[in-house]
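K.L.:
Coordinates in protein-v3.tsv, TSV, C-alpha atoms, are listed below.
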```tsv
chain	number	residue	atom	x	y	z
A	1	MET	CA	13.30	5.77	-15.21
A	2	SER	CA	13.47	9.07	-13.39
A	3	GLU	CA	13.94	9.37	-9.64
A	4	LYS	CA	10.68	9.81	-7.75
A	5	LYS	CA	10.37	13.11	-5.93
A	6	LYS	CA	9.52	12.56	-2.25
A	7	LEU	CA	8.02	14.65	0.51
A	8	VAL	CA	8.00	13.82	4.22
A	9	ALA	CA	5.11	15.70	5.83
A	10	TYR	CA	4.68	15.30	9.56
A	11	PHE	CA	2.65	16.42	12.55
A	12	SER	CA	4.41	16.39	15.91
A	13	CYS	CA	3.41	17.78	19.30
A	14	SER	CA	6.30	16.59	21.47
A	15	GLY	CA	9.16	16.39	18.97
A	16	VAL	CA	9.25	12.58	18.79
A	17	THR	CA	7.56	12.35	15.37
A	18	LYS	CA	9.61	15.34	14.18
A	19	ALA	CA	12.84	13.45	14.90
A	20	ALA	CA	11.56	10.38	13.03
A	21	ALA	CA	10.47	12.56	10.10
A	22	GLU	CA	13.85	14.29	9.91
A	23	ALA	CA	15.64	10.94	9.92
A	24	LEU	CA	13.36	9.58	7.20
A	25	ALA	CA	13.69	12.70	5.02
A	26	ASP	CA	17.48	12.52	5.31
A	27	ALA	CA	17.61	8.81	4.49
A	28	ALA	CA	15.09	9.03	1.64
A	29	GLY	CA	16.48	12.18	0.04
A	30	ALA	CA	13.08	13.81	0.56
A	31	GLU	CA	11.94	17.33	1.27
A	32	LEU	CA	10.45	18.02	4.71
A	33	PHE	CA	7.21	19.79	5.63
A	34	GLU	CA	5.76	20.27	9.12
A	35	ILE	CA	1.98	20.06	9.39
A	36	GLN	CA	1.18	22.75	11.93
A	37	PRO	CA	-2.24	23.38	13.44
A	38	ALA	CA	-3.64	26.90	13.00
A	39	VAL	CA	-4.28	26.82	16.74
A	40	PRO	CA	-1.35	25.06	18.46
A	41	TYR	CA	-2.17	22.26	20.88
A	42	THR	CA	-1.48	22.97	24.54
A	43	ARG	CA	-0.55	20.34	27.10
A	44	LYS	CA	-4.15	20.51	28.37
A	45	ASP	CA	-5.46	19.96	24.81
A	46	LEU	CA	-3.42	16.76	24.60
A	47	ASP	CA	-4.59	15.26	27.89
A	48	TRP	CA	-6.12	12.04	26.60
A	49	MET	CA	-7.37	11.20	30.10
A	50	ASP	CA	-9.64	14.28	30.00
A	51	LYS	CA	-12.84	13.39	28.14
A	52	LYS	CA	-13.32	17.08	27.31
A	53	SER	CA	-9.79	17.84	26.06
A	54	ARG	CA	-9.47	19.15	22.52
A	55	SER	CA	-7.70	16.04	21.23
A	56	THR	CA	-10.29	13.70	22.79
A	57	LEU	CA	-13.20	15.67	21.32
A	58	GLU	CA	-11.57	15.73	17.87
A	59	MET	CA	-10.90	12.01	17.89
A	60	LYS	CA	-14.46	11.23	18.99
A	61	ASP	CA	-15.80	13.17	15.99
A	62	PRO	CA	-14.99	11.47	12.66
A	63	ALA	CA	-15.90	14.69	10.83
A	64	ALA	CA	-13.48	16.88	12.84
A	65	ARG	CA	-10.89	18.58	10.65
A	66	PRO	CA	-8.58	20.82	12.68
A	67	GLU	CA	-7.40	23.76	10.58
A	68	ILE	CA	-3.78	23.72	9.44
A	69	ALA	CA	-1.57	26.80	9.43
A	70	GLY	CA	-0.12	26.46	5.93
A	71	LYS	CA	0.19	24.30	2.86
A	72	ALA	CA	3.13	22.49	1.33
A	73	ALA	CA	4.30	24.29	-1.79
A	74	ASN	CA	4.26	22.49	-5.14
A	75	MET	CA	2.48	19.34	-3.95
A	76	GLU	CA	1.91	18.46	-7.59
A	77	ALA	CA	5.67	17.95	-8.00
A	78	TYR	CA	5.83	15.01	-5.56
A	79	ASP	CA	5.33	11.38	-6.54
A	80	VAL	CA	5.60	9.94	-3.03
A	81	VAL	CA	4.26	11.56	0.13
A	82	PHE	CA	5.24	10.10	3.50
A	83	VAL	CA	2.85	11.31	6.19
A	84	GLY	CA	3.99	11.07	9.81
A	85	PHE	CA	2.14	11.49	13.06
A	86	PRO	CA	1.83	10.21	16.62
A	87	ILE	CA	-0.81	7.52	17.05
A	88	TRP	CA	-3.88	8.97	18.75
A	89	TRP	CA	-6.64	6.60	19.81
A	90	TYR	CA	-5.14	3.80	17.64
A	91	THR	CA	-5.08	5.86	14.43
A	92	ALA	CA	-3.91	9.13	12.85
A	93	PRO	CA	-4.93	12.44	14.44
A	94	ARG	CA	-7.73	14.22	12.55
A	95	ILE	CA	-5.30	16.94	11.41
A	96	ILE	CA	-3.75	14.33	9.10
A	97	GLN	CA	-7.08	14.03	7.30
A	98	THR	CA	-7.19	17.84	7.05
A	99	PHE	CA	-3.74	17.77	5.45
A	100	LEU	CA	-4.52	14.98	2.97
A	101	GLU	CA	-7.87	16.52	1.99
A	102	SER	CA	-6.14	19.86	1.24
A	103	TYR	CA	-4.53	18.47	-1.93
A	104	ASP	CA	-5.31	16.49	-5.06
A	105	LEU	CA	-3.20	13.39	-4.42
A	106	HIS	CA	-4.58	11.40	-7.34
A	107	GLY	CA	-1.84	9.19	-8.81
A	108	LYS	CA	0.53	9.71	-5.89
A	109	THR	CA	1.77	7.13	-3.40
A	110	VAL	CA	0.99	8.02	0.23
A	111	ILE	CA	2.84	6.18	2.99
A	112	PRO	CA	1.92	6.72	6.62
A	113	PHE	CA	4.51	6.42	9.36
A	114	ALA	CA	3.93	6.92	13.02
A	115	THR	CA	5.37	7.04	16.49
A	116	SER	CA	3.54	5.40	19.34
A	117	GLY	CA	3.93	4.68	22.99
A	118	GLY	CA	2.08	1.41	22.75
A	119	SER	CA	-0.14	0.72	19.76
A	120	GLY	CA	0.59	-0.06	16.13
A	121	LEU	CA	-0.80	1.47	12.94
A	122	GLY	CA	-3.80	-0.86	12.89
A	123	ASP	CA	-6.17	0.11	10.06
A	124	THR	CA	-4.71	3.61	9.68
A	125	ALA	CA	-3.84	3.23	5.98
A	126	LYS	CA	-7.35	2.04	5.21
A	127	ALA	CA	-8.85	4.89	7.23
A	128	LEU	CA	-6.71	7.50	5.44
A	129	GLN	CA	-7.55	6.21	1.94
A	130	ALA	CA	-10.89	8.05	2.02
A	131	SER	CA	-9.02	11.34	2.57
A	132	CYS	CA	-6.93	10.96	-0.59
A	133	PRO	CA	-9.06	9.41	-3.34
A	134	GLY	CA	-7.07	8.24	-6.34
A	135	ALA	CA	-3.86	7.89	-4.35
A	136	LYS	CA	-2.23	4.58	-3.54
A	137	VAL	CA	-2.03	4.40	0.26
A	138	LEU	CA	0.50	1.86	1.53
A	139	GLU	CA	0.50	0.24	4.96
A	140	GLY	CA	3.46	2.21	6.31
A	141	ARG	CA	5.26	1.51	9.57
A	142	LEU	CA	6.09	2.63	13.07
A	143	LEU	CA	9.32	4.60	13.44
A	144	ASN	CA	9.84	4.50	17.19
A	145	GLY	CA	13.18	5.05	18.88
A	146	ARG	CA	16.15	5.93	16.69
A	147	PRO	CA	15.44	4.46	13.26
A	148	ASP	CA	18.52	3.11	11.48
A	149	ARG	CA	19.41	5.37	8.53
A	150	LYS	CA	20.37	2.47	6.24
A	151	ALA	CA	17.12	0.62	7.01
A	152	LEU	CA	15.11	3.81	6.38
A	153	ALA	CA	16.89	4.41	3.07
A	154	GLU	CA	16.24	0.82	1.97
A	155	TRP	CA	12.58	1.08	2.95
A	156	ALA	CA	12.12	4.38	1.10
A	157	GLU	CA	13.89	3.02	-1.97
A	158	SER	CA	11.76	-0.13	-2.03
A	159	LEU	CA	8.51	1.81	-2.46
```
Will you turn the file into structure tokens for me?

P.N.:
Amino acid sequence: MSEKKKLVAYFSCSGVTKAAAEALADAAGAELFEIQPAVPYTRKDLDWMDKKSRSTLEMKDPAARPEIAGKAANMEAYDVVFVGFPIWWYTAPRIIQTFLESYDLHGKTVIPFATSGGSGLGDTAKALQASCPGAKVLEGRLLNGRPDRKALAEWAESL
């Protein structure tokens, strides 16, 4: 059986999820792609205490799809797509749905991973399934702190 080709795509505002994504890509032997918003988020945009901040308004609107700056090349070549993000309002930021909906992921395995200051993934996998019909979306996991390379490699290999 041939080796599955893997991509680690991630969205990170503060660098925390970026570090987790880099560690996972290294451990899994995967390529790395940063999901960047067409309009970068400012500190004010990310103020979750402000009911009128950009991030709050996006998360209140299930139809919000923030525009992304670019697409991953050759998505059709990947068998497994890890998708990383910080937890916003107990789930994935809307830009993750924008990313997933930008591709035909039918037949691929999509695995969310996240960083969080306090909450878990909850029903994130279930919520993301609608954004990638025909893909197998696994539960995923939190990658807080400094994930152990060996544990990451074993996890990626087990999928």

K.L.:
Separation of CA of Thr91 (chain A) and CA of Lys126 (chain A), in Å?

P.N.:
10.2 Å

K.L.:
For CA of Glu3 (chain A) and CA of Asp79 (chain A), determine how far apart the two atoms are, in Å to one decimal place.

P.N.:
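CA of Asp79 (chain A) lies at a distance of 9.4 Å from CA of Glu3 (chain A).
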
K.L.:
Determine, counting all atoms listed in the file, every residue of protein, DNA or RNA that lies within 8 Å of (-1.0, 18.8, -0.7) in the file coordinates, then give the result as a list in words.

P.N.:
Lys71, Ala72, Ala73, Asn74, Met75, Glu76, Phe99, Leu100, Glu101, Ser102, Tyr103, Asp104 and Leu105 of chain A

K.L.:
Counting all atoms listed in the file, which residues of region 100-159 of chain A sit at most 9 Å from some atom of region 17-40 of chain A, and what is each one's closest atom pair with its distance in Å to one decimal, listed by chain and rising residue number, as a Markdown table?

P.N.:
```
| residue | atom | partner | partner_atom | distance |
| --- | --- | --- | --- | --- |
| A:Phe113 | CA | A:Ala21 | CA | 8.6 |
| A:Ala114 | CA | A:Thr17 | CA | 6.9 |
| A:Thr115 | CA | A:Thr17 | CA | 5.9 |
| A:Ser116 | CA | A:Thr17 | CA | 9.0 |
| A:Leu143 | CA | A:Ala20 | CA | 6.2 |
| A:Asn144 | CA | A:Ala20 | CA | 7.4 |
| A:Gly145 | CA | A:Ala20 | CA | 8.1 |
| A:Arg146 | CA | A:Ala20 | CA | 7.4 |
| A:Pro147 | CA | A:Ala20 | CA | 7.1 |
| A:Asp148 | CA | A:Ala23 | CA | 8.5 |
| A:Arg149 | CA | A:Ala27 | CA | 5.6 |
| A:Lys150 | CA | A:Ala27 | CA | 7.1 |
| A:Ala151 | CA | A:Ala27 | CA | 8.6 |
| A:Leu152 | CA | A:Ala27 | CA | 5.9 |
| A:Ala153 | CA | A:Ala27 | CA | 4.7 |
| A:Glu154 | CA | A:Ala28 | CA | 8.3 |
| A:Trp155 | CA | A:Ala28 | CA | 8.4 |
| A:Ala156 | CA | A:Ala28 | CA | 5.5 |
| A:Glu157 | CA | A:Ala28 | CA | 7.1 |
```

K.L.:
Mind dumping the selected residues with C-alpha atoms as a short mmCIF file (atom, residue, chain, number, x, y, z; two decimals), in the frame of the given file?

P.N.:
```cif
data_model
loop_
_atom_site.label_atom_id
_atom_site.label_comp_id
_atom_site.auth_asym_id
_atom_site.auth_seq_id
_atom_site.Cartn_x
_atom_site.Cartn_y
_atom_site.Cartn_z
CA PHE A 113 4.51 6.42 9.36
CA ALA A 114 3.93 6.92 13.02
CA THR A 115 5.37 7.04 16.49
CA SER A 116 3.54 5.40 19.34
CA LEU A 143 9.32 4.60 13.44
CA ASN A 144 9.84 4.50 17.19
CA GLY A 145 13.18 5.05 18.88
CA ARG A 146 16.15 5.93 16.69
CA PRO A 147 15.44 4.46 13.26
CA ASP A 148 18.52 3.11 11.48
CA ARG A 149 19.41 5.37 8.53
CA LYS A 150 20.37 2.47 6.24
CA ALA A 151 17.12 0.62 7.01
CA LEU A 152 15.11 3.81 6.38
CA ALA A 153 16.89 4.41 3.07
CA GLU A 154 16.24 0.82 1.97
CA TRP A 155 12.58 1.08 2.95
CA ALA A 156 12.12 4.38 1.10
CA GLU A 157 13.89 3.02 -1.97
#
```

K.L.:
So the first atom is CA of Tyr78 (chain A) and the second is CA of Lys4 (chain A); what is the distance between them in Å, to one decimal place?

P.N.:
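Interatomic distance, CA of Tyr78 (chain A) to CA of Lys4 (chain A): 7.4 Å.
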
K.L.:
So, counting all atoms listed in the file, which residue among A:Pro93, A:Gly134, A:Pro66, A:Gly84 is closest to Pro112 (chain A)?

P.N.:
A:Gly84

K.L.:
With distances taken over only C-alpha atoms, which of A:Gly140, A:Pro62, A:Gly117, A:Gly70 is nearest to Ile87 (chain A)?

P.N.:
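That would be A:Gly117, the residue with the smallest distance to Ile87 (chain A).
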
K.L.:
Counting only C-alpha atoms, what is within 9 Å of Ala63 (chain A), bar same-chain residues fewer than 3 positions away, as a PyMOL selection string?

P.N.:
chain A and resi 58+60+94
